[in-house]
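To keep things clear, I will list the structure first and then write my remarks on it.
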Amino acid sequence: MIYDGLSRPGTRIVSFAPILKHGVFPLAPILERVTKIGDEAFGRPVEVEFAVRLPQRLKEPAEFGFLQIRPLVLSREGEELRMEDVNPELLICQSSKVLGTAVCRIYTISW
């Protein structure tokens, strides 16, 4: 069973329960919007990496940091990407060391 809090013995997990239950930060609506945009852009479900900085003082704003998004891999099928086929003028950045491949579209999100 999973319980909120630290008062019981057992393995600890990160559940975001206080944030989600008490509305400390609008995490669920932000993630719903980001994943919806990602699903539409990639044409399939996505996984998102993010970070949140919660304020230390009442008047400080919280910050949501979008780290990366990629299509959710549901099988072991692969897709070969040939960099020779990519127009270098369309690249935002390029690296010789990466994990996975994906097409990236940039969106401006207004809250």
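All residue names refer to the structure tokens as shown: chains lettered A, B, ... in order, residues numbered from 1 in each chain, ligands numbered from 1 in order.
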
Subject >> Contacts of Ala17 of chain A within 12 Å, only C-alpha atoms, excl. fewer than 6 positions in-chain, as a list in words >> reply: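 Contacts, with the query itself left out: Ile2, Tyr3, Asp4, Gly5, Gly23, Val24, Phe25, Leu27 and Ala28 of chain A.
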
Original post:
Hey, what's within 8 Å of segment 32-40 of chain A if we count only C-alpha atoms and toss same-chain stuff fewer than 5 positions away? As a PyMOL selection string, please?
Top reply: chain A and resi 45-48+69-71
